[in-house]
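Below is query.cif, holding mmCIF, C-alpha atoms.
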data_query
#
loop_
_atom_site.label_atom_id
_atom_site.label_comp_id
_atom_site.auth_asym_id
_atom_site.auth_seq_id
_atom_site.Cartn_x
_atom_site.Cartn_y
_atom_site.Cartn_z
CA MET A 678 102.61 62.32 76.85
CA ASN A 679 103.48 63.90 73.54
CA PRO A 680 100.68 66.26 72.43
CA GLY A 681 101.61 65.79 68.77
CA THR A 682 98.53 63.87 67.60
CA ALA A 683 94.85 64.41 68.34
CA GLU A 684 94.85 61.22 70.41
CA ASP A 685 97.87 62.39 72.40
CA GLN A 686 96.19 65.75 72.97
CA LYS A 687 93.07 64.01 74.24
CA LYS A 688 95.14 61.90 76.64
CA LEU A 689 96.93 65.03 77.88
CA HIS A 690 93.62 66.80 78.49
CA LEU A 691 92.23 63.82 80.38
CA TRP A 692 95.34 63.69 82.55
CA LEU A 693 95.14 67.41 83.34
CA GLU A 694 91.44 67.09 84.12
CA SER A 695 92.17 64.17 86.43
CA ILE A 696 94.58 66.37 88.38
CA ILE A 697 92.01 69.17 88.66
CA PHE A 698 89.42 66.58 89.71
CA ARG A 699 91.70 65.25 92.45
CA PHE A 700 92.38 68.72 93.81
CA PHE A 701 88.70 69.64 93.76
CA HIS A 702 87.07 66.45 95.05
CA VAL A 703 89.69 64.25 96.70
CA TRP A 704 92.23 66.62 98.25
CA SER A 705 92.26 67.37 101.95
CA PRO A 706 95.02 68.50 104.32
CA VAL A 707 95.11 64.94 105.68
CA ASN A 708 95.66 63.13 102.36
CA CYS A 709 97.53 65.88 100.48
CA GLN A 710 100.64 63.72 100.06
CA ASP A 711 98.65 61.14 98.12
CA MET A 712 97.36 63.50 95.43
CA LEU A 713 100.24 63.51 92.95
CA LYS A 714 103.24 61.35 92.24
CA ARG A 715 106.61 63.00 91.80
CA TYR A 716 106.70 62.24 88.10
CA GLU A 717 103.37 64.10 87.72
CA ILE A 718 104.81 67.16 89.47
CA PHE A 719 107.82 67.09 87.15
CA GLU A 720 105.56 66.66 84.12
CA LEU A 721 103.33 69.59 85.12
CA CYS A 722 106.22 71.94 85.83
CA LEU A 723 108.12 71.13 82.65
CA ARG A 724 105.02 71.41 80.48
CA ALA A 725 104.14 74.73 82.14
CA ARG A 726 107.70 75.94 81.52
CA GLU A 727 107.41 75.01 77.85
CA LEU A 728 104.10 76.85 77.50
CA PHE A 729 105.32 79.97 79.34
CA TRP A 730 108.44 80.11 77.19
CA SER A 731 106.40 79.86 73.99
CA LYS A 732 104.55 83.07 74.87
CA PRO A 733 105.85 86.65 75.25
CA LEU A 734 106.74 88.15 78.63
CA TYR A 735 103.73 90.40 78.33
CA ARG A 736 100.37 88.79 77.65
CA GLU A 737 97.32 90.27 75.95
CA VAL A 738 94.10 89.32 77.73
CA GLU A 739 90.51 89.94 76.66
CA VAL A 740 87.47 90.67 78.81
CA PRO A 741 85.57 89.37 80.65
CA VAL A 742 88.26 88.40 83.14
CA THR A 743 88.75 88.01 86.87
CA ILE A 744 92.04 89.35 88.24
CA VAL A 745 93.50 87.69 91.33
CA GLY A 746 96.22 88.99 93.66
CA ASP A 747 98.53 87.25 96.14
CA ILE A 748 97.53 83.75 97.25
CA HIS A 749 100.63 82.68 99.24
CA GLY A 750 99.87 79.00 99.66
CA GLN A 751 96.31 79.46 100.95
CA PHE A 752 94.95 76.68 98.78
CA GLU A 753 91.64 76.15 100.56
CA ASP A 754 90.88 79.86 100.36
CA LEU A 755 91.70 79.86 96.64
CA LYS A 756 89.29 76.98 96.00
CA MET A 757 86.59 78.66 98.06
CA MET A 758 86.95 81.96 96.20
CA MET A 759 86.89 80.26 92.79
CA ASP A 760 83.83 78.31 93.87
CA MET A 761 82.16 81.61 94.72
CA ASN A 762 83.27 83.40 91.56
CA GLY A 763 83.15 80.52 89.06
CA TRP A 764 85.65 78.08 87.54
CA PRO A 765 87.45 78.22 84.18
CA PHE A 766 85.24 75.58 82.59
CA SER A 767 81.60 75.55 81.52
CA GLU A 768 78.88 73.47 83.09
CA ASP A 769 78.83 71.11 80.11
CA GLU A 770 82.61 70.75 80.27
CA ALA A 771 82.38 70.05 83.98
CA LYS A 772 79.78 67.33 83.44
CA GLU A 773 81.91 65.67 80.77
CA MET A 774 85.07 65.95 82.83
CA TYR A 775 83.45 64.53 85.93
CA ARG A 776 81.71 61.79 83.98
CA ASN A 777 85.12 60.67 82.71
CA MET A 778 86.66 60.80 86.17
CA VAL A 779 83.83 58.96 87.90
CA THR A 780 83.86 56.22 85.25
CA LYS A 781 87.63 55.90 85.61
CA ASN A 782 87.47 55.66 89.41
CA ARG A 783 84.21 54.08 90.59
CA LYS A 784 80.91 53.81 88.77
CA ASP A 785 79.06 54.28 92.07
CA MET A 786 81.07 57.37 92.99
CA LYS A 787 78.87 60.41 93.59
CA VAL A 788 80.34 63.88 93.25
CA GLN A 789 78.98 67.38 93.39
CA LEU A 790 79.71 69.50 90.34
CA PRO A 791 81.66 72.69 91.05
CA ALA A 792 79.86 76.02 90.98
CA THR A 793 81.06 76.78 87.46
CA LEU A 794 79.06 80.00 87.26
CA GLY A 795 79.79 81.18 90.78
CA SER A 796 77.29 81.95 93.51
CA GLY A 797 76.62 85.61 92.70
CA THR A 798 73.42 86.92 91.13
CA ASP A 799 75.16 88.69 88.23
CA ARG A 800 76.85 85.62 86.82
CA GLN A 801 78.86 85.34 83.63
CA LYS A 802 77.58 82.48 81.52
CA GLY A 803 80.13 79.90 80.48
CA PRO A 804 83.65 79.43 81.82
CA LYS A 805 85.36 82.19 83.80
CA ASN A 806 88.60 83.69 82.57
CA TYR A 807 91.31 84.35 85.15
CA LEU A 808 94.44 86.47 85.34
CA PHE A 809 96.66 85.74 88.36
CA LEU A 810 99.21 88.35 89.41
CA GLY A 811 101.74 86.09 91.14
CA ASP A 812 102.93 85.26 94.65
CA TYR A 813 101.45 81.77 94.65
CA VAL A 814 103.98 80.41 97.15
CA ASP A 815 105.50 81.01 100.59
CA ARG A 816 104.05 81.68 104.03
CA GLY A 817 100.83 79.68 103.55
CA PRO A 818 100.58 75.92 104.23
CA HIS A 819 99.88 74.55 100.73
CA SER A 820 101.97 76.40 98.15
CA ILE A 821 102.59 73.20 96.19
CA GLU A 822 98.87 72.65 95.64
CA VAL A 823 98.26 76.26 94.62
CA VAL A 824 100.94 76.17 91.93
CA LEU A 825 100.12 72.71 90.60
CA MET A 826 96.37 73.32 90.30
CA LEU A 827 96.98 76.63 88.52
CA PHE A 828 99.59 75.04 86.25
CA ALA A 829 97.11 72.27 85.37
CA MET A 830 94.37 74.81 84.59
CA HIS A 831 96.72 76.97 82.54
CA LEU A 832 97.87 73.95 80.53
CA ARG A 833 94.32 72.70 80.00
CA TRP A 834 92.77 76.09 79.20
CA PRO A 835 95.65 78.45 78.28
CA ASP A 836 93.30 81.09 76.86
CA ARG A 837 91.20 81.14 80.03
CA VAL A 838 93.88 81.06 82.75
CA THR A 839 96.85 83.43 82.57
CA LEU A 840 99.61 83.32 85.19
CA LEU A 841 102.07 86.14 85.88
CA ARG A 842 105.21 86.02 87.97
CA GLY A 843 105.43 87.60 91.41
CA ASN A 844 108.51 88.44 93.45
CA HIS A 845 108.07 85.18 95.40
CA GLU A 846 108.41 83.15 92.20
CA SER A 847 112.18 83.53 92.48
CA ARG A 848 114.78 81.41 94.20
CA PRO A 849 116.27 84.01 96.62
CA VAL A 850 112.81 84.75 98.03
CA ASN A 851 111.02 81.39 98.06
CA ARG A 852 114.06 79.60 99.42
CA GLN A 853 113.83 81.81 102.49
CA TYR A 854 110.10 82.26 103.12
CA GLY A 855 108.73 78.74 103.18
CA PHE A 856 108.46 77.13 99.75
CA PHE A 857 111.86 75.45 99.85
CA GLY A 858 111.05 73.99 103.26
CA GLU A 859 107.65 72.76 102.09
CA CYS A 860 109.08 71.06 98.99
CA SER A 861 112.00 69.51 100.89
CA ARG A 862 109.82 68.28 103.73
CA ARG A 863 107.06 66.83 101.57
CA TYR A 864 109.05 65.68 98.53
CA SER A 865 112.66 66.59 97.86
CA GLU A 866 114.99 69.41 96.88
CA ARG A 867 114.75 68.18 93.27
CA VAL A 868 111.03 68.94 93.32
CA TYR A 869 111.81 72.45 94.54
CA GLU A 870 114.28 72.91 91.69
CA VAL A 871 111.82 71.87 88.97
CA PHE A 872 109.37 74.52 90.18
CA GLN A 873 112.11 77.13 89.71
CA LEU A 874 112.54 76.05 86.09
CA ALA A 875 108.92 77.05 85.46
CA PHE A 876 109.01 80.22 87.56
CA ASN A 877 112.07 81.58 85.73
CA VAL A 878 110.25 81.85 82.40
CA MET A 879 106.84 83.13 83.52
CA PRO A 880 105.40 86.31 81.97
CA LEU A 881 105.76 89.57 83.88
CA THR A 882 102.81 91.69 82.81
CA ALA A 883 99.48 91.56 81.00
CA ILE A 884 97.37 94.10 79.13
CA VAL A 885 93.59 93.71 79.36
CA ASN A 886 91.81 94.98 76.23
CA LYS A 887 94.75 97.34 75.65
CA ARG A 888 93.45 99.58 78.46
CA ILE A 889 94.31 97.92 81.78
CA MET A 890 97.90 96.99 82.60
CA CYS A 891 98.47 94.31 85.23
CA MET A 892 101.59 93.19 87.05
CA HIS A 893 102.58 91.91 90.46
CA GLY A 894 104.65 94.84 91.73
CA GLY A 895 104.35 98.15 89.95
CA ILE A 896 105.35 100.48 87.15
CA SER A 897 108.89 101.19 86.00
CA GLU A 898 110.37 104.49 84.86
CA GLU A 899 112.66 102.45 82.58
CA LEU A 900 109.76 100.87 80.68
CA TYR A 901 108.63 102.97 77.72
CA ASP A 902 107.88 100.28 75.11
CA MET A 903 106.59 96.74 75.54
CA LYS A 904 109.11 95.62 72.93
CA GLN A 905 111.74 96.07 75.65
CA LEU A 906 110.36 92.93 77.29
CA ASP A 907 110.83 90.99 74.05
CA ALA A 908 114.55 91.72 74.29
CA LEU A 909 114.88 90.05 77.71
CA LYS A 910 116.46 86.60 77.54
CA ARG A 911 114.89 83.81 79.56
CA PRO A 912 115.34 82.14 81.99
CA LEU A 913 115.24 85.28 84.15
CA ASP A 914 116.43 85.94 87.66
CA THR A 915 114.79 88.84 89.50
CA PRO A 916 117.45 91.51 90.05
CA ASP A 917 117.26 94.32 92.60
CA ILE A 918 117.02 97.10 90.01
CA GLY A 919 115.60 97.57 86.54
CA ILE A 920 112.38 96.73 84.73
CA ILE A 921 112.07 93.16 86.05
CA ALA A 922 112.62 94.32 89.62
CA ASP A 923 110.02 97.08 89.29
CA LEU A 924 107.37 94.85 87.70
CA THR A 925 107.72 92.35 90.54
CA TRP A 926 108.72 94.53 93.53
CA ALA A 927 107.69 98.20 93.12
CA ASP A 928 105.15 99.88 95.44
CA PRO A 929 103.03 103.06 95.30
CA GLU A 930 103.91 105.76 97.83
CA THR A 931 101.78 108.77 98.79
CA GLU A 932 104.71 110.87 100.03
CA ILE A 933 106.46 111.23 96.66
CA GLU A 934 105.46 112.34 93.16
CA MET A 935 107.73 110.35 90.86
CA TYR A 936 110.22 107.54 91.62
CA LYS A 937 112.55 106.75 94.50
CA GLU A 938 114.61 103.79 95.71
CA SER A 939 112.49 101.34 97.69
CA PRO A 940 113.12 100.56 101.36
CA ARG A 941 112.55 96.91 100.41
CA GLY A 942 115.96 96.96 98.71
CA ALA A 943 114.50 95.85 95.37
CA GLY A 944 112.52 97.80 92.81
CA LYS A 945 111.38 101.36 93.39
CA ILE A 946 108.54 103.23 94.99
CA PHE A 947 106.50 105.58 92.82
CA GLY A 948 104.08 108.44 93.32
CA ALA A 949 100.77 109.57 91.84
CA LYS A 950 102.39 111.78 89.21
CA ALA A 951 104.46 108.83 87.98
CA VAL A 952 101.27 106.76 87.64
CA ASP A 953 99.53 109.55 85.73
CA GLU A 954 102.43 109.92 83.28
CA PHE A 955 102.76 106.15 82.84
CA CYS A 956 99.04 105.81 82.05
CA LYS A 957 99.18 108.65 79.53
CA HIS A 958 102.25 107.20 77.83
CA PHE A 959 100.67 103.74 77.38
CA SER A 960 97.07 105.04 76.91
CA LEU A 961 95.86 103.16 79.98
CA ASP A 962 92.67 103.61 82.00
CA LEU A 963 93.88 101.61 84.99
CA ILE A 964 96.84 99.76 86.49
CA VAL A 965 96.11 96.67 88.58
CA ARG A 966 98.80 95.28 90.87
CA ALA A 967 99.13 93.11 93.97
CA HIS A 968 102.19 92.65 96.24
CA GLN A 969 100.88 94.40 99.37
CA VAL A 970 98.37 93.41 102.03
CA VAL A 971 95.45 95.85 101.95
CA GLN A 972 92.99 95.60 104.81
CA ASP A 973 89.80 95.92 102.74
CA GLY A 974 90.93 93.60 99.93
CA TYR A 975 91.57 96.46 97.51
CA GLU A 976 92.92 100.00 97.69
CA PHE A 977 92.94 102.76 95.07
CA PHE A 978 95.82 105.14 94.43
CA ALA A 979 96.51 108.14 92.18
CA ASP A 980 92.90 109.26 91.69
CA LYS A 981 91.80 105.68 90.97
CA LYS A 982 94.29 105.20 88.16
CA LEU A 983 95.87 102.33 90.12
CA VAL A 984 94.40 99.70 92.39
CA THR A 985 96.09 97.15 94.65
CA ILE A 986 94.27 93.85 95.18
CA PHE A 987 95.10 91.11 97.68
CA SER A 988 93.46 87.68 97.52
CA ALA A 989 94.55 85.85 100.68
CA PRO A 990 92.01 86.35 103.50
CA PHE A 991 93.30 86.30 107.10
CA TYR A 992 96.82 86.41 105.70
CA CYS A 993 99.30 84.13 107.48
CA GLY A 994 96.67 83.49 110.14
CA GLN A 995 97.56 86.83 111.70
CA THR A 996 96.21 89.71 109.58
CA ASN A 997 92.44 90.05 109.82
CA ASN A 998 92.19 91.32 106.24
CA ILE A 999 89.49 90.94 103.62
CA ALA A 1000 90.43 89.31 100.30
CA SER A 1001 89.26 90.42 96.87
CA MET A 1002 89.07 89.44 93.23
CA LEU A 1003 88.55 92.10 90.55
CA ASN A 1004 85.98 91.24 87.89
CA ILE A 1005 86.11 93.13 84.58
CA ASP A 1006 83.00 92.39 82.52
CA SER A 1007 82.60 92.46 78.74
CA ASP A 1008 81.66 96.16 78.90
CA MET A 1009 84.86 96.97 80.84
CA VAL A 1010 82.89 97.60 84.03
CA ALA A 1011 84.86 96.66 87.14
CA SER A 1012 83.51 95.15 90.36
CA PHE A 1013 85.12 93.52 93.38
CA MET A 1014 84.23 90.18 94.89
CA LEU A 1015 85.10 90.40 98.59
CA VAL A 1016 85.69 87.60 101.09
CA LYS A 1017 85.81 88.33 104.79
CA PRO A 1018 88.15 86.20 106.92
CA VAL A 1019 86.52 83.34 108.80
CA THR A 1020 88.13 84.58 112.01
CA GLU A 1021 86.05 87.75 111.83
CA ILE A 1022 82.88 85.66 111.71
CA LYS A 1023 84.12 83.54 114.61
CA GLU A 1024 84.92 86.64 116.64
CA ASN A 1025 81.43 87.99 116.02
CA LEU A 1026 79.94 84.67 117.09
CA ASN A 1027 82.07 84.62 120.21
CA VAL A 1028 80.88 88.10 121.12
CA GLY A 1029 77.28 87.00 120.73
CA GLU A 1030 77.85 83.83 122.75
CA LYS A 1031 79.52 85.83 125.50
CA ALA A 1032 76.62 88.29 125.61
CA GLU A 1033 74.14 85.41 125.79
CA GLU A 1034 76.08 83.82 128.65
CA GLU A 1035 76.09 87.12 130.53
CA ASN A 1036 72.32 87.45 130.10
CA GLN A 1037 71.82 83.95 131.49
CA GLN A 1038 73.83 84.66 134.63
#
Go ahead and express the file in the form of structure tokens.
Amino acid sequence: MNPGTAEDQKKLHLWLESIIFRFFHVWSPVNCQDMLKRYEIFELCLRARELFWSKPLYREVEVPVTIVGDIHGQFEDLKMMMDMNGWPFSEDEAKEMYRNMVTKNRKDMKVQLPATLGSGTDRQKGPKNYLFLGDYVDRGPHSIEVVLMLFAMHLRWPDRVTLLRGNHESRPVNRQYGFFGECSRRYSERVYEVFQLAFNVMPLTAIVNKRIMCMHGGISEELYDMKQLDALKRPLDTPDIGIIADLTWADPETEIEMYKESPRGAGKIFGAKAVDEFCKHFSLDLIVRAHQVVQDGYEFFADKKLVTIFSAPFYCGQTNNIASMLNIDSDMVASFMLVKPVTEIKENLNVGEKAEEENQQ
């Protein structure tokens, strides 16, 4: 599919929409292997790689936008949260897309349109814009689906869906923590390798309205001008030290003021004074990062100059954490959409059932 002509572009858009349609309406854990052919996975990854490489390593994003933290293969949770918050296409676009898909599949096929505006009362009209901070893969059960759906959305609506690289979008990490095993078990090692081709050229940071800086890991004492990122040659590995390591690995630390080597063995830890100086240097109001599980879905640091968000509820099926998405509206007002883990609801129900049983005895 060469997007050179208008007709080719239309065919490409229809193909991307068919993939999004399959993930939204047809996909289930039972039939997940039937969703995409291998050639489609290769096509998506290589097209995503081409698009990433055509853009700078730092992206400029406009409001309104929803910022999303770690997902880690929790595909069903991602779909649920986007259904609550809204999808990156308008209601009219959804109707057209689904009309095309239903006609292509079965004329008698009935589908429910996605909640394009979200389920909240203060809803943004039109399509939602998204900025994802990385760590799409590893640990969760459906990393392949997470990446491919986001790649398809980014390719279809590149101005509405922006994807950054996390520390798990690198071979040394995702070969060890689950993604390699998932790709090899479900497809092949070649499929795993084509994902790496896309990961190695992904952007590292984004600036929202020139006032909010976003990355997966944290700030770097070596970064003093965004033009430094322009000098980096892709494809990029993620080293243990330096700007790339800090943007994907660094963590805030309350016990220090400035910078110190990280106990993770990659990137650095940084204190509140470092955040304050970094914000002043780049004229920032806020830094948004991910990378760490936070129990309440978000956690402020350095007098609210930095916030950590985490978007995988009940992480790994073991951590009873809340997930969050950060919404920045057109007036630069921030609000959090929170999702409690289903296990917490089940536990509450179990307590109630137990109390009822005791009353009956």
Can you turn the PyMOL selection byres ((chain A and resi 857) around 12) into a concrete residue list for this file, as a ChimeraX atom specification?
/A:814-816,820-821,845-856,858-873
Would you translate the PyMOL selection byres ((chain A and resi 887-901) around 9) into the concrete set of residues it matches in this file, as a CSV table (one decimal) with C-alpha atoms, in the frame of the given file?
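Full text of selection.csv as output:
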chain,number,residue,atom,x,y,z
A,737,GLU,CA,97.3,90.3,76.0
A,738,VAL,CA,94.1,89.3,77.7
A,739,GLU,CA,90.5,89.9,76.7
A,744,ILE,CA,92.0,89.4,88.2
A,746,GLY,CA,96.2,89.0,93.7
A,747,ASP,CA,98.5,87.2,96.1
A,808,LEU,CA,94.4,86.5,85.3
A,809,PHE,CA,96.7,85.7,88.4
A,810,LEU,CA,99.2,88.4,89.4
A,811,GLY,CA,101.7,86.1,91.1
A,812,ASP,CA,102.9,85.3,94.6
A,841,LEU,CA,102.1,86.1,85.9
A,842,ARG,CA,105.2,86.0,88.0
A,843,GLY,CA,105.4,87.6,91.4
A,844,ASN,CA,108.5,88.4,93.4
A,881,LEU,CA,105.8,89.6,83.9
A,882,THR,CA,102.8,91.7,82.8
A,883,ALA,CA,99.5,91.6,81.0
A,884,ILE,CA,97.4,94.1,79.1
A,885,VAL,CA,93.6,93.7,79.4
A,886,ASN,CA,91.8,95.0,76.2
A,902,ASP,CA,107.9,100.3,75.1
A,903,MET,CA,106.6,96.7,75.5
A,904,LYS,CA,109.1,95.6,72.9
A,905,GLN,CA,111.7,96.1,75.6
A,906,LEU,CA,110.4,92.9,77.3
A,919,GLY,CA,115.6,97.6,86.5
A,920,ILE,CA,112.4,96.7,84.7
A,921,ILE,CA,112.1,93.2,86.0
A,922,ALA,CA,112.6,94.3,89.6
A,923,ASP,CA,110.0,97.1,89.3
A,924,LEU,CA,107.4,94.8,87.7
A,925,THR,CA,107.7,92.4,90.5
A,926,TRP,CA,108.7,94.5,93.5
A,927,ALA,CA,107.7,98.2,93.1
A,928,ASP,CA,105.2,99.9,95.4
A,929,PRO,CA,103.0,103.1,95.3
A,935,MET,CA,107.7,110.4,90.9
A,936,TYR,CA,110.2,107.5,91.6
A,944,GLY,CA,112.5,97.8,92.8
A,945,LYS,CA,111.4,101.4,93.4
A,946,ILE,CA,108.5,103.2,95.0
A,947,PHE,CA,106.5,105.6,92.8
A,951,ALA,CA,104.5,108.8,88.0
A,952,VAL,CA,101.3,106.8,87.6
A,955,PHE,CA,102.8,106.2,82.8
A,956,CYS,CA,99.0,105.8,82.0
A,958,HIS,CA,102.2,107.2,77.8
A,959,PHE,CA,100.7,103.7,77.4
A,960,SER,CA,97.1,105.0,76.9
A,961,LEU,CA,95.9,103.2,80.0
A,962,ASP,CA,92.7,103.6,82.0
A,963,LEU,CA,93.9,101.6,85.0
A,964,ILE,CA,96.8,99.8,86.5
A,965,VAL,CA,96.1,96.7,88.6
A,966,ARG,CA,98.8,95.3,90.9
A,967,ALA,CA,99.1,93.1,94.0
A,968,HIS,CA,102.2,92.6,96.2
A,969,GLN,CA,100.9,94.4,99.4
Chain and number of each residue from the PyMOL selection byres ((chain A and resi 973) around 8), as a VMD selection string
chain A and resid 971 to 972 974 to 976 998 to 1000
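Using only C-alpha atoms, the smallest distance between any of A:Asp953, A:Glu720, A:Asp711, A:Glu727 and Met879 in chain A comes from A:Glu727.
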Residues within 9 Å of Thr931 in chain A, all atoms listed in the file, excluding chain neighbours under 5 positions, as a list in words:
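Here the answer would be Phe947, Gly948, Ala949, Phe978 and Ala979 of chain A.
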Output C-alpha atoms for every residue in that selection, as a JSON list (two decimals), in the frame of the given file.
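Result file result_20.json:
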[["chain", "number", "residue", "atom", "x", "y", "z"],
["A", 947, "PHE", "CA", 106.50, 105.58, 92.82],
["A", 948, "GLY", "CA", 104.08, 108.44, 93.32],
["A", 949, "ALA", "CA", 100.77, 109.57, 91.84],
["A", 978, "PHE", "CA", 95.82, 105.14, 94.43],
["A", 979, "ALA", "CA", 96.51, 108.14, 92.18]]
Here CA of Met1009 in chain A and CA of Met761 in chain A stand apart by 20.9 Å
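Shortest separation to Leu825 in chain A among A:Cys722, A:Ile1005, A:Cys709, A:Val1010 occurs at residue A:Cys722, atoms counted being only C-alpha atoms.
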Calculate how many Å separate CA of Pro733 in chain A from CA of Leu909 in chain A, rounding to one decimal.
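Spanning CA of Pro733 in chain A to CA of Leu909 in chain A is a straight-line distance of 10.0 Å.
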